Amino acid sequence: MIHPSIPTNLQIIRERIEAAARRSGRDPREIELVAVSKKHPPEQIREAWDSGQELFGESRVQEALVKIPLLPSNLRWHFIGHLQSNKIRKMLPLFELIHGVDQLQTARDLDRIGGELGMLPRVLLEVNISGEPSKKGFDPKALEQIIEEMLSMPRLQVEGLMTMAPLAGEAESSRPYFSGLRDLRDQLAQKTGIPLATLSMGMSGDFEIAVEEGATLCRVGSSIFGELLRNEKFPLIENF
Ligand SMILES: *Cc1c(COP(=O)(O)O)cnc(C)c1O
């Protein structure tokens with residue numbers, strides 16, 4: 001397979017993030033790019049690292065447990081997938097932030113296991129802002145209560161919110177979901193007294209809109225590493 005040029009792709013995306021930030025009167029340094037490396041082999045991650053990308057996103061624990069030890073230890077990792085409680089103990093030491101907590105029980109388990117490991121798990125709460133039944137995430141109306149409950153978990157650090165806009169042909173159609181997440185954050189921060197400073201929103205198709213609406217983390221995969229072909233197999237991760 002001919003790989004797209006990872007360094008060039010990264011540079012273009014960084015420039016587009018910067019331009020979107022300036023357009024909307026934001027400091028580009030408020031936004032960090034999460035290079036979503038799921039299903040891509042360590043050599044490609046290494047290539048991104050060599051061109052200055054430090055932060056990567058993985059969505060499957062099994063895959064991450066194989067790949068992360070093969071890469072330099074100063075790479076930083078965010079977990080962006082659906083987290084099952086039985087995987088927490090293994091994954092927690094490897095990831096600095098968990099983006100998609102979508103159940104109270106997962107939060108309880110993170111708090112308890114964090115205590116056992118001497119760690120303070122940092123999390124974002126996934127919000128189903130579009131209300132589509134097929135989407136994961138907390139109901140926006142339930143979140144105040146949920147955050148209040150999480151405040152009684154001594155180890156858990158709730159740092160912000162995450163969402164995925166519905167699939168759409170046009171980036172612009174994501175805007176109301178992203179501005180909705182920001183408004184929700186502003187209300188919840190006021191009501192609960194915790195700042196919820198981090199907003200994880202925007203993917204390859206709509207990250208500029210997300211930046212314009214206040215994203216602090218954009219999760220971009222295919223625009224950096226290329227599309228994955230359905231039947232493509234990498235020797236290392238065939239078994240996942
Ligand atoms: C795969 C994935 C992304 C990246 O999507 P692209 O469209 O490839 O940029 C972002 N967020 C989550 C949760 C993902 O699973």
# chains A, B, ... in the order shown; residues from 1 in each chain; ligands from 1
$ residues_around --residues "Gln84 in chain A" --least-positions-apart "3" --cutoff "12 Å" --atoms "only C-alpha atoms" --output "PyMOL selection string"
chain A and resi 59-62+79+81+87-92+98+100-103+105-107+109-110
$ closest_atom_pairs --of "chain A" --to "ligand 1" --cutoff "9 Å" --atoms "only C-alpha atoms and all ligand atoms" --output "tab-separated table"
residue	atom	partner	partner_atom_place_in_ligand_line	distance
A:Val34	CA	ligand 1	10 (C)	8.7
A:Ala35	CA	ligand 1	4 (C)	8.1
A:Val36	CA	ligand 1	4 (C)	5.6
A:Ser37	CA	ligand 1	1 (C)	8.1
A:Lys38	CA	ligand 1	1 (C)	6.8
A:Gly57	CA	ligand 1	10 (C)	8.2
A:Glu58	CA	ligand 1	15 (O)	7.9
A:Ser59	CA	ligand 1	15 (O)	6.1
A:Phe79	CA	ligand 1	13 (C)	8.8
A:Ile80	CA	ligand 1	13 (C)	5.0
A:Gly81	CA	ligand 1	13 (C)	5.7
A:His82	CA	ligand 1	13 (C)	8.4
A:His99	CA	ligand 1	13 (C)	8.1
A:Gly100	CA	ligand 1	13 (C)	7.6
A:Met162	CA	ligand 1	13 (C)	9.0
A:Thr163	CA	ligand 1	13 (C)	8.2
A:Met164	CA	ligand 1	13 (C)	7.1
A:Ser200	CA	ligand 1	11 (N)	8.9
A:Met201	CA	ligand 1	11 (N)	8.0
A:Gly202	CA	ligand 1	10 (C)	7.4
A:Met203	CA	ligand 1	9 (O)	4.2
A:Ser204	CA	ligand 1	9 (O)	3.6
A:Gly205	CA	ligand 1	7 (O)	6.1
A:Asp206	CA	ligand 1	7 (O)	8.5
A:Phe207	CA	ligand 1	9 (O)	8.5
A:Cys218	CA	ligand 1	10 (C)	7.9
A:Arg219	CA	ligand 1	10 (C)	4.6
A:Val220	CA	ligand 1	9 (O)	3.7
A:Gly221	CA	ligand 1	9 (O)	3.6
A:Ser222	CA	ligand 1	8 (O)	3.7
A:Ser223	CA	ligand 1	9 (O)	6.0
A:Ile224	CA	ligand 1	9 (O)	7.8
A:Phe225	CA	ligand 1	8 (O)	8.3
A:Gly226	CA	ligand 1	8 (O)	8.0
A:Glu227	CA	ligand 1	8 (O)	7.2
A:Leu228	CA	ligand 1	8 (O)	8.8
$ write_last_selection --atoms "N, CA, C and O atoms" --output "compact mmCIF listing (two decimals), in the first residue's frame"
# COMPACT_ATOMS: atom_id res chain seq x y z
N VAL A 34 -5.51 15.41 18.54
CA VAL A 34 -5.33 14.01 18.90
C VAL A 34 -5.26 13.22 17.59
O VAL A 34 -6.25 13.14 16.86
N ALA A 35 -4.11 12.65 17.30
CA ALA A 35 -3.97 11.87 16.07
C ALA A 35 -4.53 10.47 16.33
O ALA A 35 -3.95 9.69 17.09
N VAL A 36 -5.67 10.18 15.71
CA VAL A 36 -6.35 8.91 15.98
C VAL A 36 -5.69 7.80 15.16
O VAL A 36 -5.82 7.74 13.93
N SER A 37 -4.95 6.94 15.86
CA SER A 37 -4.11 5.95 15.18
C SER A 37 -4.70 4.55 15.21
O SER A 37 -4.03 3.58 14.86
N LYS A 38 -5.97 4.44 15.61
CA LYS A 38 -6.60 3.11 15.68
C LYS A 38 -6.49 2.39 14.34
O LYS A 38 -6.68 3.01 13.29
N GLY A 57 -4.63 8.92 19.76
CA GLY A 57 -5.88 8.36 20.27
C GLY A 57 -6.06 6.94 19.80
O GLY A 57 -5.89 6.64 18.62
N GLU A 58 -6.41 6.06 20.72
CA GLU A 58 -6.72 4.66 20.37
C GLU A 58 -8.09 4.32 20.92
O GLU A 58 -8.50 4.83 21.96
N SER A 59 -8.80 3.41 20.23
CA SER A 59 -10.16 3.12 20.65
C SER A 59 -10.37 1.68 21.10
O SER A 59 -11.46 1.33 21.52
N PHE A 79 -7.62 7.58 25.39
CA PHE A 79 -8.53 6.51 25.01
C PHE A 79 -9.82 7.12 24.50
O PHE A 79 -10.47 7.90 25.20
N ILE A 80 -10.22 6.78 23.27
CA ILE A 80 -11.39 7.44 22.67
C ILE A 80 -12.52 6.46 22.37
O ILE A 80 -13.53 6.85 21.80
N GLY A 81 -12.36 5.20 22.77
CA GLY A 81 -13.39 4.20 22.44
C GLY A 81 -14.36 3.98 23.57
O GLY A 81 -14.41 4.72 24.55
N HIS A 82 -15.14 2.92 23.45
CA HIS A 82 -16.07 2.55 24.50
C HIS A 82 -15.30 1.69 25.51
O HIS A 82 -14.71 0.68 25.15
N HIS A 99 -11.74 9.71 26.91
CA HIS A 99 -12.70 10.66 26.34
C HIS A 99 -14.16 10.27 26.50
O HIS A 99 -15.01 11.12 26.56
N GLY A 100 -14.47 8.97 26.46
CA GLY A 100 -15.87 8.62 26.23
C GLY A 100 -16.59 7.94 27.37
O GLY A 100 -17.32 6.99 27.13
N MET A 162 -17.40 15.34 25.72
CA MET A 162 -17.01 14.87 24.39
C MET A 162 -18.28 14.55 23.62
O MET A 162 -19.28 14.12 24.21
N THR A 163 -18.29 14.78 22.32
CA THR A 163 -19.43 14.33 21.52
C THR A 163 -19.00 13.98 20.10
O THR A 163 -17.90 14.32 19.66
N MET A 164 -19.88 13.26 19.43
CA MET A 164 -19.72 12.98 18.00
C MET A 164 -20.96 13.51 17.31
O MET A 164 -22.07 13.17 17.68
N SER A 200 -13.96 17.86 23.73
CA SER A 200 -13.43 17.00 22.68
C SER A 200 -14.48 16.86 21.58
O SER A 200 -15.49 16.20 21.76
N MET A 201 -14.25 17.53 20.47
CA MET A 201 -15.21 17.44 19.36
C MET A 201 -14.52 17.77 18.04
O MET A 201 -13.56 18.53 18.00
N GLY A 202 -15.04 17.17 16.97
CA GLY A 202 -14.47 17.38 15.64
C GLY A 202 -13.61 16.20 15.22
O GLY A 202 -12.77 15.73 15.98
N MET A 203 -13.88 15.70 14.00
CA MET A 203 -13.12 14.60 13.42
C MET A 203 -12.64 15.06 12.03
O MET A 203 -12.72 16.25 11.72
N SER A 204 -12.16 14.13 11.19
CA SER A 204 -11.59 14.55 9.90
C SER A 204 -12.53 15.46 9.11
O SER A 204 -12.10 16.42 8.49
N GLY A 205 -13.83 15.15 9.14
CA GLY A 205 -14.76 15.88 8.28
C GLY A 205 -15.21 17.22 8.82
O GLY A 205 -15.78 18.03 8.08
N ASP A 206 -15.02 17.48 10.11
CA ASP A 206 -15.64 18.68 10.68
C ASP A 206 -14.82 19.36 11.78
O ASP A 206 -15.37 20.13 12.56
N PHE A 207 -13.51 19.10 11.83
CA PHE A 207 -12.73 19.63 12.96
C PHE A 207 -12.62 21.16 12.95
O PHE A 207 -12.53 21.79 14.01
N CYS A 218 -9.31 17.98 19.16
CA CYS A 218 -9.93 17.46 17.94
C CYS A 218 -9.35 16.07 17.69
O CYS A 218 -8.14 15.88 17.77
N ARG A 219 -10.22 15.13 17.39
CA ARG A 219 -9.79 13.74 17.19
C ARG A 219 -9.77 13.43 15.69
O ARG A 219 -10.82 13.17 15.10
N VAL A 220 -8.60 13.46 15.08
CA VAL A 220 -8.52 13.33 13.62
C VAL A 220 -7.72 12.08 13.26
O VAL A 220 -6.58 11.93 13.68
N GLY A 221 -8.35 11.20 12.48
CA GLY A 221 -7.70 9.95 12.08
C GLY A 221 -7.38 9.88 10.60
O GLY A 221 -6.23 10.04 10.17
N SER A 222 -8.41 9.67 9.78
CA SER A 222 -8.16 9.35 8.37
C SER A 222 -7.48 10.48 7.59
O SER A 222 -6.75 10.21 6.65
N SER A 223 -7.66 11.72 7.98
CA SER A 223 -6.97 12.81 7.27
C SER A 223 -5.48 12.83 7.55
O SER A 223 -4.73 13.50 6.87
N ILE A 224 -5.06 12.11 8.59
CA ILE A 224 -3.63 12.01 8.88
C ILE A 224 -3.06 10.71 8.33
O ILE A 224 -2.06 10.71 7.62
N PHE A 225 -3.71 9.61 8.66
CA PHE A 225 -3.14 8.29 8.35
C PHE A 225 -3.71 7.65 7.09
O PHE A 225 -3.25 6.59 6.67
N GLY A 226 -4.73 8.26 6.51
CA GLY A 226 -5.36 7.68 5.32
C GLY A 226 -6.56 6.83 5.70
O GLY A 226 -6.73 6.45 6.86
N GLU A 227 -7.38 6.56 4.71
CA GLU A 227 -8.56 5.71 4.94
C GLU A 227 -8.11 4.27 5.11
O GLU A 227 -7.14 3.85 4.49
N LEU A 228 -8.84 3.53 5.91
CA LEU A 228 -8.56 2.10 6.01
C LEU A 228 -9.45 1.36 5.03
O LEU A 228 -10.65 1.57 5.00
$ closest_residue --among "A:Pro42, A:Gly160, A:Pro154, A:Pro133" --to "Thr216 in chain A" --atoms "only C-alpha atoms"
A:Gly160
$ select_by_dssp --residues "range 13-240 of chain A" --states "strand (DSSP E)" --output "PyMOL selection string"
chain A and resi 32-36+55-58+76-79+97-101+122-126+157-162+198-200+217-220
$ residues_around --residues "Thr198 in chain A" --least-positions-apart "4" --cutoff "12 Å" --atoms "only C-alpha atoms" --output "short mmCIF file (atom, residue, chain, number, x, y, z; two decimals) with C-alpha atoms, in the first residue's frame"
data_model
loop_
_atom_site.label_atom_id
_atom_site.label_comp_id
_atom_site.auth_asym_id
_atom_site.auth_seq_id
_atom_site.Cartn_x
_atom_site.Cartn_y
_atom_site.Cartn_z
CA GLU A 30 -5.88 26.28 23.26
CA ILE A 31 -6.46 23.44 20.80
CA GLU A 32 -4.65 20.15 20.75
CA LEU A 97 -7.24 10.94 29.43
CA ILE A 98 -10.36 8.86 28.73
CA HIS A 99 -12.70 10.66 26.34
CA ARG A 122 -9.01 11.91 34.15
CA VAL A 123 -12.19 11.64 32.09
CA LEU A 124 -14.50 13.40 29.67
CA LEU A 125 -18.19 12.53 29.65
CA GLU A 126 -19.66 11.52 26.31
CA GLN A 157 -11.34 13.91 37.67
CA VAL A 158 -14.18 15.06 35.40
CA GLU A 159 -12.45 17.48 33.03
CA GLY A 160 -15.01 18.10 30.32
CA LEU A 161 -17.34 16.76 27.65
CA MET A 162 -17.01 14.87 24.39
CA THR A 163 -19.43 14.33 21.52
CA LEU A 181 -22.11 20.95 23.55
CA ARG A 182 -20.36 24.21 24.40
CA ARG A 185 -20.80 22.85 29.20
CA ASP A 186 -21.25 26.51 30.12
CA ALA A 189 -19.97 24.49 34.78
CA ILE A 194 -16.48 22.49 38.13
CA GLY A 214 -14.81 25.96 21.09
CA ALA A 215 -13.16 22.52 20.80
CA THR A 216 -9.99 22.10 22.85
CA LEU A 217 -9.29 18.57 21.55
CA CYS A 218 -9.93 17.46 17.94
#
$ select_by_dssp --residues "range 3-204 of chain A" --states "helix (DSSP H, G or I)" --output "PyMOL selection string"
chain A and resi 6-23+28-30+42-50+61-70+85-94+104-117+140-150+171-192
$ closest_residue --among "A:Pro41, A:Pro121, A:Pro93, A:Gly25" --to "Met153 in chain A" --atoms "only C-alpha atoms"
A:Pro121
